[in-house]
$ cat my_file_30.pdb   # PDB, C-alpha atoms, pLDDT in the B column
MODEL        1
ATOM      1  CA  MET X   1     -46.420  42.094   3.233  1.00 54.00           C
ATOM      2  CA  ALA X   2     -43.867  43.418   0.742  1.00 60.00           C
ATOM      3  CA  ARG X   3     -41.766  40.789  -1.034  1.00 82.00           C
ATOM      4  CA  LEU X   4     -37.996  41.049  -1.143  1.00 86.00           C
ATOM      5  CA  THR X   5     -36.510  41.523  -4.618  1.00 89.00           C
ATOM      6  CA  LEU X   6     -32.828  40.832  -5.286  1.00 90.00           C
ATOM      7  CA  GLU X   7     -31.239  41.856  -8.585  1.00 89.00           C
ATOM      8  CA  PHE X   8     -27.516  42.329  -9.127  1.00 90.00           C
ATOM      9  CA  PRO X   9     -25.368  43.822 -11.903  1.00 87.00           C
ATOM     10  CA  GLU X  10     -24.032  41.161 -14.279  1.00 87.00           C
ATOM     11  CA  ASP X  11     -20.530  42.657 -14.280  1.00 86.00           C
ATOM     12  CA  GLN X  12     -20.055  42.136 -10.540  1.00 88.00           C
ATOM     13  CA  TYR X  13     -19.818  38.333 -10.581  1.00 94.00           C
ATOM     14  CA  TYR X  14     -16.180  37.323 -10.098  1.00 94.00           C
ATOM     15  CA  TYR X  15     -16.339  33.616  -9.297  1.00 97.00           C
ATOM     16  CA  SER X  16     -18.415  30.462  -9.735  1.00 98.00           C
ATOM     17  CA  THR X  17     -18.452  27.036  -8.129  1.00 98.00           C
ATOM     18  CA  HIS X  18     -20.643  23.936  -8.247  1.00 98.00           C
ATOM     19  CA  LEU X  19     -22.191  22.305  -5.185  1.00 98.00           C
ATOM     20  CA  THR X  20     -24.347  19.185  -5.156  1.00 98.00           C
ATOM     21  CA  VAL X  21     -27.477  18.933  -3.044  1.00 98.00           C
ATOM     22  CA  ARG X  22     -27.003  16.050  -0.624  1.00 96.00           C
ATOM     23  CA  VAL X  23     -29.753  13.753   0.620  1.00 96.00           C
ATOM     24  CA  THR X  24     -29.193  15.245   4.089  1.00 96.00           C
ATOM     25  CA  ASP X  25     -29.982  18.729   2.668  1.00 95.00           C
ATOM     26  CA  ILE X  26     -33.588  17.727   1.935  1.00 94.00           C
ATOM     27  CA  ASN X  27     -36.386  18.859   4.272  1.00 94.00           C
ATOM     28  CA  GLY X  28     -39.783  17.367   5.083  1.00 93.00           C
ATOM     29  CA  ALA X  29     -41.281  18.843   1.897  1.00 93.00           C
ATOM     30  CA  ASN X  30     -38.736  16.809  -0.136  1.00 93.00           C
ATOM     31  CA  HIS X  31     -36.675  19.747  -1.423  1.00 95.00           C
ATOM     32  CA  LEU X  32     -33.557  21.694  -0.417  1.00 95.00           C
ATOM     33  CA  GLY X  33     -34.134  23.150   3.045  1.00 95.00           C
ATOM     34  CA  ASN X  34     -33.520  26.776   3.948  1.00 95.00           C
ATOM     35  CA  ASP X  35     -30.888  25.856   6.554  1.00 96.00           C
ATOM     36  CA  SER X  36     -28.961  23.799   4.004  1.00 97.00           C
ATOM     37  CA  MET X  37     -29.145  26.587   1.401  1.00 97.00           C
ATOM     38  CA  ILE X  38     -27.586  28.952   3.941  1.00 97.00           C
ATOM     39  CA  SER X  39     -24.797  26.410   4.526  1.00 97.00           C
ATOM     40  CA  MET X  40     -24.234  26.104   0.771  1.00 98.00           C
ATOM     41  CA  ILE X  41     -24.105  29.913   0.425  1.00 98.00           C
ATOM     42  CA  SER X  42     -21.505  29.985   3.226  1.00 97.00           C
ATOM     43  CA  GLU X  43     -19.445  27.324   1.457  1.00 97.00           C
ATOM     44  CA  ALA X  44     -19.596  29.256  -1.832  1.00 98.00           C
ATOM     45  CA  ARG X  45     -18.492  32.432   0.018  1.00 97.00           C
ATOM     46  CA  ALA X  46     -15.566  30.583   1.633  1.00 96.00           C
ATOM     47  CA  ARG X  47     -14.455  29.142  -1.735  1.00 97.00           C
ATOM     48  CA  PHE X  48     -14.714  32.585  -3.350  1.00 97.00           C
ATOM     49  CA  LEU X  49     -12.586  34.245  -0.663  1.00 96.00           C
ATOM     50  CA  PHE X  50     -10.027  31.407  -0.733  1.00 95.00           C
ATOM     51  CA  ASP X  51      -9.737  31.597  -4.528  1.00 97.00           C
ATOM     52  CA  PHE X  52      -8.944  35.320  -4.239  1.00 95.00           C
ATOM     53  CA  GLY X  53      -6.354  34.713  -1.508  1.00 93.00           C
ATOM     54  CA  ILE X  54      -8.470  36.284   1.239  1.00 91.00           C
ATOM     55  CA  GLU X  55      -8.331  34.681   4.671  1.00 84.00           C
ATOM     56  CA  GLU X  56     -11.547  35.013   6.639  1.00 79.00           C
ATOM     57  CA  THR X  57      -9.394  35.783   9.680  1.00 77.00           C
ATOM     58  CA  GLN X  58      -5.807  36.954   9.256  1.00 76.00           C
ATOM     59  CA  GLY X  59      -2.905  36.601  11.656  1.00 76.00           C
ATOM     60  CA  ASP X  60      -3.360  40.173  12.870  1.00 81.00           C
ATOM     61  CA  GLY X  61      -6.894  39.393  14.059  1.00 85.00           C
ATOM     62  CA  ILE X  62      -8.605  41.250  11.187  1.00 91.00           C
ATOM     63  CA  GLY X  63     -11.275  39.265   9.419  1.00 93.00           C
ATOM     64  CA  ILE X  64     -14.610  39.339   7.710  1.00 94.00           C
ATOM     65  CA  ILE X  65     -17.831  39.005   9.641  1.00 94.00           C
ATOM     66  CA  VAL X  66     -21.284  38.508   8.081  1.00 95.00           C
ATOM     67  CA  THR X  67     -23.774  41.210   9.110  1.00 96.00           C
ATOM     68  CA  ASP X  68     -26.917  40.067   7.312  1.00 97.00           C
ATOM     69  CA  LEU X  69     -28.264  37.624   4.765  1.00 97.00           C
ATOM     70  CA  ALA X  70     -31.214  37.962   2.403  1.00 96.00           C
ATOM     71  CA  THR X  71     -32.344  35.098   0.178  1.00 96.00           C
ATOM     72  CA  THR X  72     -35.135  34.774  -2.346  1.00 95.00           C
ATOM     73  CA  TYR X  73     -36.173  31.358  -3.617  1.00 95.00           C
ATOM     74  CA  ARG X  74     -37.354  30.932  -7.204  1.00 95.00           C
ATOM     75  CA  ALA X  75     -37.377  27.146  -7.760  1.00 97.00           C
ATOM     76  CA  GLU X  76     -37.024  23.979  -5.729  1.00 96.00           C
ATOM     77  CA  ALA X  77     -33.830  21.941  -5.752  1.00 97.00           C
ATOM     78  CA  HIS X  78     -33.751  18.231  -4.947  1.00 97.00           C
ATOM     79  CA  ALA X  79     -31.259  15.591  -3.828  1.00 97.00           C
ATOM     80  CA  ARG X  80     -28.347  15.147  -6.229  1.00 97.00           C
ATOM     81  CA  ASP X  81     -29.098  18.359  -8.151  1.00 97.00           C
ATOM     82  CA  GLN X  82     -25.879  20.086  -9.082  1.00 98.00           C
ATOM     83  CA  LEU X  83     -26.152  23.824  -8.448  1.00 98.00           C
ATOM     84  CA  LEU X  84     -24.011  26.619  -9.860  1.00 98.00           C
ATOM     85  CA  PHE X  85     -23.190  29.385  -7.382  1.00 98.00           C
ATOM     86  CA  GLU X  86     -22.066  32.606  -9.069  1.00 98.00           C
ATOM     87  CA  VAL X  87     -20.493  34.925  -6.513  1.00 98.00           C
ATOM     88  CA  GLY X  88     -19.894  38.646  -6.737  1.00 96.00           C
ATOM     89  CA  VAL X  89     -19.327  41.751  -4.675  1.00 96.00           C
ATOM     90  CA  MET X  90     -20.983  45.163  -4.775  1.00 95.00           C
ATOM     91  CA  ASP X  91     -21.878  48.251  -2.764  1.00 96.00           C
ATOM     92  CA  PHE X  92     -18.543  48.709  -0.998  1.00 96.00           C
ATOM     93  CA  ASN X  93     -18.349  51.219   1.828  1.00 96.00           C
ATOM     94  CA  LYS X  94     -15.613  52.246   4.244  1.00 96.00           C
ATOM     95  CA  TYR X  95     -16.037  49.070   6.332  1.00 97.00           C
ATOM     96  CA  GLY X  96     -17.334  46.349   3.989  1.00 97.00           C
ATOM     97  CA  GLY X  97     -20.000  45.681   1.390  1.00 97.00           C
ATOM     98  CA  ASP X  98     -22.189  42.950  -0.037  1.00 97.00           C
ATOM     99  CA  ILE X  99     -21.352  39.510  -1.383  1.00 97.00           C
ATOM    100  CA  THR X 100     -23.956  38.434  -3.929  1.00 97.00           C
ATOM    101  CA  PHE X 101     -25.030  35.006  -5.109  1.00 98.00           C
ATOM    102  CA  ARG X 102     -26.972  33.738  -8.101  1.00 98.00           C
ATOM    103  CA  ILE X 103     -27.802  30.049  -7.725  1.00 98.00           C
ATOM    104  CA  THR X 104     -28.912  28.144 -10.822  1.00 98.00           C
ATOM    105  CA  ARG X 105     -29.377  24.539 -11.858  1.00 98.00           C
ATOM    106  CA  PRO X 106     -27.318  24.045 -15.058  1.00 98.00           C
ATOM    107  CA  ARG X 107     -29.241  20.900 -16.071  1.00 97.00           C
ATOM    108  CA  ASP X 108     -32.332  22.926 -16.978  1.00 97.00           C
ATOM    109  CA  GLY X 109     -31.177  26.536 -16.531  1.00 97.00           C
ATOM    110  CA  ALA X 110     -33.569  27.133 -13.634  1.00 98.00           C
ATOM    111  CA  LEU X 111     -32.875  30.075 -11.336  1.00 97.00           C
ATOM    112  CA  VAL X 112     -33.076  28.464  -7.888  1.00 98.00           C
ATOM    113  CA  ALA X 113     -32.256  31.435  -5.647  1.00 97.00           C
ATOM    114  CA  MET X 114     -30.666  34.851  -5.312  1.00 97.00           C
ATOM    115  CA  ALA X 115     -28.908  35.938  -2.125  1.00 98.00           C
ATOM    116  CA  LYS X 116     -27.006  38.855  -0.643  1.00 97.00           C
ATOM    117  CA  SER X 117     -24.727  38.677   2.360  1.00 97.00           C
ATOM    118  CA  GLY X 118     -23.571  41.903   3.997  1.00 97.00           C
ATOM    119  CA  PHE X 119     -20.103  41.916   5.524  1.00 97.00           C
ATOM    120  CA  VAL X 120     -17.727  44.185   7.417  1.00 97.00           C
ATOM    121  CA  PHE X 121     -14.106  43.886   8.376  1.00 96.00           C
ATOM    122  CA  PHE X 122     -13.732  43.146  12.048  1.00 96.00           C
ATOM    123  CA  ASN X 123     -10.811  43.085  14.457  1.00 95.00           C
ATOM    124  CA  TYR X 124     -11.450  39.971  16.522  1.00 93.00           C
ATOM    125  CA  ARG X 125      -8.807  41.021  19.085  1.00 93.00           C
ATOM    126  CA  THR X 126     -10.377  44.398  19.881  1.00 94.00           C
ATOM    127  CA  GLY X 127     -13.960  43.454  19.066  1.00 94.00           C
ATOM    128  CA  ARG X 128     -14.395  46.426  16.711  1.00 96.00           C
ATOM    129  CA  VAL X 129     -15.309  47.062  13.099  1.00 97.00           C
ATOM    130  CA  VAL X 130     -12.332  48.341  11.074  1.00 97.00           C
ATOM    131  CA  GLN X 131     -11.845  49.897   7.649  1.00 96.00           C
ATOM    132  CA  MET X 132     -11.678  47.735   4.554  1.00 96.00           C
ATOM    133  CA  PRO X 133      -8.017  46.888   3.833  1.00 93.00           C
ATOM    134  CA  ALA X 134      -6.726  48.498   0.633  1.00 92.00           C
ATOM    135  CA  ALA X 135      -5.463  45.090  -0.549  1.00 91.00           C
ATOM    136  CA  PHE X 136      -9.033  43.721  -0.461  1.00 94.00           C
ATOM    137  CA  HIS X 137     -10.459  46.636  -2.433  1.00 92.00           C
ATOM    138  CA  ALA X 138      -7.642  46.367  -4.999  1.00 94.00           C
ATOM    139  CA  LYS X 139      -8.784  42.830  -5.910  1.00 94.00           C
ATOM    140  CA  PHE X 140     -12.188  44.173  -6.989  1.00 93.00           C
ATOM    141  CA  ALA X 141     -11.524  47.454  -8.809  1.00 87.00           C
ATOM    142  CA  ARG X 142     -14.875  47.409 -10.714  1.00 87.00           C
ATOM    143  CA  VAL X 143     -17.014  47.407  -7.574  1.00 91.00           C
ATOM    144  CA  ASN X 144     -19.199  50.431  -6.881  1.00 90.00           C
ATOM    145  CA  TRP X 145     -18.965  52.415  -3.635  1.00 89.00           C
ATOM    146  CA  THR X 146     -22.053  53.535  -1.723  1.00 90.00           C
ATOM    147  CA  ARG X 147     -20.341  56.125   0.474  1.00 71.00           C
TER
ENDMDL
END
$ encode --input "my_file_30.pdb" --output "structure tokens"
Amino acid sequence: MARLTLEFPEDQYYYSTHLTVRVTDINGANHLGNDSMISMISEARARFLFDFGIEETQGDGIGIIVTDLATTYRAEAHARDQLLFEVGVMDFNKYGGDITFRITRPRDGALVAMAKSGFVFFNYRTGRVVQMPAAFHAKFARVNWTR
């Protein structure tokens, strides 16, 4: 079976935040569980959007919806490890793009994981995908476009 490879351009990271692995994030193998990593990625995404003044759902019903998530694990993380989540955006298209994550452990410089989360803009009132708002794109002028 082919292995997934995630590599992202260095100049597309716009934000970073630290999250600490909690005891409740540990699985039966005594390391950070997949389900908890996904929750931490979601928290890092929410902090990133908030820091850039982007509401996940606006008053007009337009918001961001996650379409997919890919994660590759490179090292284990354990309870009380502080992790650095670097967050970026890339591959914009008419309706959305990708939010990227590089997760490292600053204590020893270990690369713990890489992740990519696809997103589109969605009108929750009509139940339809809509075009990316110009105000969103303007916040990330360096981002490449795929179409």
$ closest_atom_pairs --input "my_file_30.pdb" --of "region 6-46 of chain X" --to "region 88-107 of chain X" --cutoff "8 Å" --atoms "all atoms listed in the file" --output "tab-separated table"
residue	atom	partner	partner_atom	distance
X:Phe8	CA	X:Thr100	CA	7.4
X:Gln12	CA	X:Gly88	CA	5.2
X:Tyr13	CA	X:Gly88	CA	3.9
X:Tyr14	CA	X:Gly88	CA	5.2
X:Tyr15	CA	X:Gly88	CA	6.7
X:Ile41	CA	X:Phe101	CA	7.6
X:Arg45	CA	X:Ile99	CA	7.8
$ resolve_selection --input "my_file_30.pdb" --expression "the PyMOL selection byres ((chain X and resi 71) around 7)" --output "ChimeraX atom specification"
/X:69-70,72-73,113-116
$ closest_residue --input "my_file_30.pdb" --among "X:Ala135, X:Val120, X:Ala141, X:Ala79" --to "Asn27 (chain X)" --atoms "only C-alpha atoms"
X:Ala79
$ atom_distance --input "my_file_30.pdb" --atom1 "CA of Glu56 (chain X)" --atom2 "CA of Ser16 (chain X)"
18.3 Å
$ resolve_selection --input "my_file_30.pdb" --expression "the PyMOL selection byres ((chain X and resi 130) around 12)" --output "compact mmCIF listing (two decimals) with C-alpha atoms, keeping the file's coordinate frame"
# COMPACT_ATOMS: atom_id res chain seq x y z
CA GLY X 61 -6.89 39.39 14.06
CA ILE X 62 -8.60 41.25 11.19
CA GLY X 63 -11.28 39.26 9.42
CA ILE X 64 -14.61 39.34 7.71
CA ILE X 65 -17.83 39.01 9.64
CA ASN X 93 -18.35 51.22 1.83
CA LYS X 94 -15.61 52.25 4.24
CA TYR X 95 -16.04 49.07 6.33
CA GLY X 96 -17.33 46.35 3.99
CA PHE X 119 -20.10 41.92 5.52
CA VAL X 120 -17.73 44.18 7.42
CA PHE X 121 -14.11 43.89 8.38
CA PHE X 122 -13.73 43.15 12.05
CA ASN X 123 -10.81 43.08 14.46
CA TYR X 124 -11.45 39.97 16.52
CA ARG X 125 -8.81 41.02 19.08
CA THR X 126 -10.38 44.40 19.88
CA GLY X 127 -13.96 43.45 19.07
CA ARG X 128 -14.40 46.43 16.71
CA VAL X 129 -15.31 47.06 13.10
CA GLN X 131 -11.84 49.90 7.65
CA MET X 132 -11.68 47.74 4.55
CA PRO X 133 -8.02 46.89 3.83
CA ALA X 134 -6.73 48.50 0.63
$ closest_residue --input "my_file_30.pdb" --among "X:Glu43, X:Asp51, X:Asp60, X:Glu76" --to "Leu19 (chain X)" --atoms "all atoms listed in the file"
X:Glu43
$ resolve_selection --input "my_file_30.pdb" --expression "the PyMOL selection byres ((chain X and resi 68) around 6)" --output "VMD selection string"
chain X and resid 66 to 67 69 117 to 118
$ closest_residue --input "my_file_30.pdb" --among "X:Gln82, X:Asp11, X:Met40, X:Ala75" --to "Arg142 (chain X)" --atoms "all atoms listed in the file"
X:Asp11
$ atom_distance --input "my_file_30.pdb" --atom1 "CA of Ser39 (chain X)" --atom2 "CA of Asp81 (chain X)"
15.6 Å
$ closest_residue --input "my_file_30.pdb" --among "X:Ile54, X:Leu83, X:Ala77, X:Leu111" --to "Phe136 (chain X)" --atoms "only C-alpha atoms"
X:Ile54
$ closest_residue --input "my_file_30.pdb" --among "X:Thr146, X:His78, X:Leu84, X:Val112" --to "Ile26 (chain X)" --atoms "all atoms listed in the file"
X:His78
$ atom_distance --input "my_file_30.pdb" --atom1 "CA of Ala110 (chain X)" --atom2 "CA of Gly28 (chain X)"
22.0 Å
$ decode --input "my_file_30.pdb" --residues "region 83-95 of chain X" --atoms "all heavy atoms" --output "mmCIF file, in the first residue's frame"
data_model
loop_
_atom_site.group_PDB
_atom_site.id
_atom_site.type_symbol
_atom_site.label_atom_id
_atom_site.label_comp_id
_atom_site.auth_asym_id
_atom_site.auth_seq_id
_atom_site.Cartn_x
_atom_site.Cartn_y
_atom_site.Cartn_z
ATOM 1 N N LEU X 83 3.494 20.675 22.521
ATOM 2 C CA LEU X 83 3.643 20.579 21.078
ATOM 3 C C LEU X 83 3.431 21.943 20.438
ATOM 4 O O LEU X 83 2.572 22.716 20.861
ATOM 5 C CB LEU X 83 2.643 19.579 20.499
ATOM 6 C CG LEU X 83 2.727 18.148 21.044
ATOM 7 C CD1 LEU X 83 1.667 17.283 20.387
ATOM 8 C CD2 LEU X 83 4.108 17.569 20.852
ATOM 9 N N LEU X 84 4.213 22.216 19.403
ATOM 10 C CA LEU X 84 4.086 23.440 18.627
ATOM 11 C C LEU X 84 3.341 23.111 17.338
ATOM 12 O O LEU X 84 3.781 22.255 16.570
ATOM 13 C CB LEU X 84 5.462 24.017 18.301
ATOM 14 C CG LEU X 84 5.472 25.231 17.366
ATOM 15 C CD1 LEU X 84 4.799 26.431 18.035
ATOM 16 C CD2 LEU X 84 6.897 25.564 16.943
ATOM 17 N N PHE X 85 2.214 23.788 17.135
ATOM 18 C CA PHE X 85 1.420 23.630 15.921
ATOM 19 C C PHE X 85 1.653 24.850 15.043
ATOM 20 O O PHE X 85 1.254 25.956 15.396
ATOM 21 C CB PHE X 85 -0.075 23.518 16.263
ATOM 22 C CG PHE X 85 -0.469 22.204 16.846
ATOM 23 C CD1 PHE X 85 -0.105 21.873 18.140
ATOM 24 C CD2 PHE X 85 -1.192 21.282 16.111
ATOM 25 C CE1 PHE X 85 -0.457 20.649 18.694
ATOM 26 C CE2 PHE X 85 -1.549 20.065 16.649
ATOM 27 C CZ PHE X 85 -1.182 19.749 17.948
ATOM 28 N N GLU X 86 2.325 24.650 13.906
ATOM 29 C CA GLU X 86 2.490 25.715 12.923
ATOM 30 C C GLU X 86 1.395 25.521 11.888
ATOM 31 O O GLU X 86 1.194 24.412 11.383
ATOM 32 C CB GLU X 86 3.865 25.642 12.280
ATOM 33 C CG GLU X 86 4.983 25.913 13.282
ATOM 34 C CD GLU X 86 6.332 25.659 12.683
ATOM 35 O OE1 GLU X 86 6.754 24.478 12.677
ATOM 36 O OE2 GLU X 86 6.954 26.629 12.205
ATOM 37 N N VAL X 87 0.671 26.599 11.595
ATOM 38 C CA VAL X 87 -0.520 26.507 10.756
ATOM 39 C C VAL X 87 -0.350 27.401 9.537
ATOM 40 O O VAL X 87 0.091 28.551 9.652
ATOM 41 C CB VAL X 87 -1.775 26.928 11.550
ATOM 42 C CG1 VAL X 87 -3.032 26.727 10.718
ATOM 43 C CG2 VAL X 87 -1.867 26.157 12.868
ATOM 44 N N GLY X 88 -0.703 26.862 8.391
ATOM 45 C CA GLY X 88 -0.620 27.630 7.153
ATOM 46 C C GLY X 88 -1.792 27.356 6.240
ATOM 47 O O GLY X 88 -2.684 26.556 6.575
ATOM 48 N N VAL X 89 -1.791 28.012 5.109
ATOM 49 C CA VAL X 89 -2.813 27.787 4.090
ATOM 50 C C VAL X 89 -2.124 27.681 2.734
ATOM 51 O O VAL X 89 -1.081 28.294 2.504
ATOM 52 C CB VAL X 89 -3.891 28.888 4.074
ATOM 53 C CG1 VAL X 89 -4.850 28.741 5.230
ATOM 54 C CG2 VAL X 89 -3.286 30.273 4.089
ATOM 55 N N MET X 90 -2.729 26.913 1.839
ATOM 56 C CA MET X 90 -2.176 26.752 0.496
ATOM 57 C C MET X 90 -3.250 26.198 -0.438
ATOM 58 O O MET X 90 -4.346 25.841 0.003
ATOM 59 C CB MET X 90 -0.946 25.829 0.509
ATOM 60 C CG MET X 90 -1.209 24.414 0.956
ATOM 61 S SD MET X 90 0.277 23.392 1.083
ATOM 62 C CE MET X 90 0.542 22.954 -0.621
ATOM 63 N N ASP X 91 -2.924 26.187 -1.708
ATOM 64 C CA ASP X 91 -3.774 25.582 -2.738
ATOM 65 C C ASP X 91 -5.208 26.122 -2.726
ATOM 66 O O ASP X 91 -6.178 25.355 -2.740
ATOM 67 C CB ASP X 91 -3.780 24.052 -2.623
ATOM 68 C CG ASP X 91 -2.433 23.436 -2.933
ATOM 69 O OD1 ASP X 91 -1.576 24.135 -3.517
ATOM 70 O OD2 ASP X 91 -2.222 22.259 -2.601
ATOM 71 N N PHE X 92 -5.336 27.448 -2.734
ATOM 72 C CA PHE X 92 -6.670 28.043 -2.809
ATOM 73 C C PHE X 92 -7.306 27.716 -4.156
ATOM 74 O O PHE X 92 -6.631 27.567 -5.173
ATOM 75 C CB PHE X 92 -6.595 29.562 -2.656
ATOM 76 C CG PHE X 92 -6.462 30.049 -1.239
ATOM 77 C CD1 PHE X 92 -6.324 31.404 -0.991
ATOM 78 C CD2 PHE X 92 -6.473 29.199 -0.153
ATOM 79 C CE1 PHE X 92 -6.214 31.892 0.293
ATOM 80 C CE2 PHE X 92 -6.365 29.668 1.144
ATOM 81 C CZ PHE X 92 -6.236 31.025 1.360
ATOM 82 N N ASN X 93 -8.626 27.604 -4.132
ATOM 83 C CA ASN X 93 -9.419 27.493 -5.353
ATOM 84 C C ASN X 93 -10.636 28.383 -5.174
ATOM 85 O O ASN X 93 -10.750 29.098 -4.173
ATOM 86 C CB ASN X 93 -9.796 26.027 -5.640
ATOM 87 C CG ASN X 93 -10.645 25.423 -4.547
ATOM 88 O OD1 ASN X 93 -11.730 25.911 -4.231
ATOM 89 N ND2 ASN X 93 -10.162 24.339 -3.948
ATOM 90 N N LYS X 94 -11.536 28.357 -6.105
ATOM 91 C CA LYS X 94 -12.706 29.236 -6.084
ATOM 92 C C LYS X 94 -13.522 29.110 -4.792
ATOM 93 O O LYS X 94 -14.114 30.076 -4.324
ATOM 94 C CB LYS X 94 -13.574 28.889 -7.298
ATOM 95 C CG LYS X 94 -14.770 29.736 -7.522
ATOM 96 C CD LYS X 94 -15.449 29.304 -8.820
ATOM 97 C CE LYS X 94 -16.664 30.136 -9.107
ATOM 98 N NZ LYS X 94 -17.310 29.751 -10.367
ATOM 99 N N TYR X 95 -13.528 27.925 -4.184
ATOM 100 C CA TYR X 95 -14.411 27.648 -3.051
ATOM 101 C C TYR X 95 -13.706 27.449 -1.706
ATOM 102 O O TYR X 95 -14.354 27.453 -0.672
ATOM 103 C CB TYR X 95 -15.256 26.407 -3.345
ATOM 104 C CG TYR X 95 -16.061 26.545 -4.605
ATOM 105 C CD1 TYR X 95 -15.697 25.860 -5.755
ATOM 106 C CD2 TYR X 95 -17.164 27.388 -4.656
ATOM 107 C CE1 TYR X 95 -16.434 26.003 -6.930
ATOM 108 C CE2 TYR X 95 -17.903 27.539 -5.821
ATOM 109 C CZ TYR X 95 -17.529 26.844 -6.958
ATOM 110 O OH TYR X 95 -18.251 26.999 -8.111
#
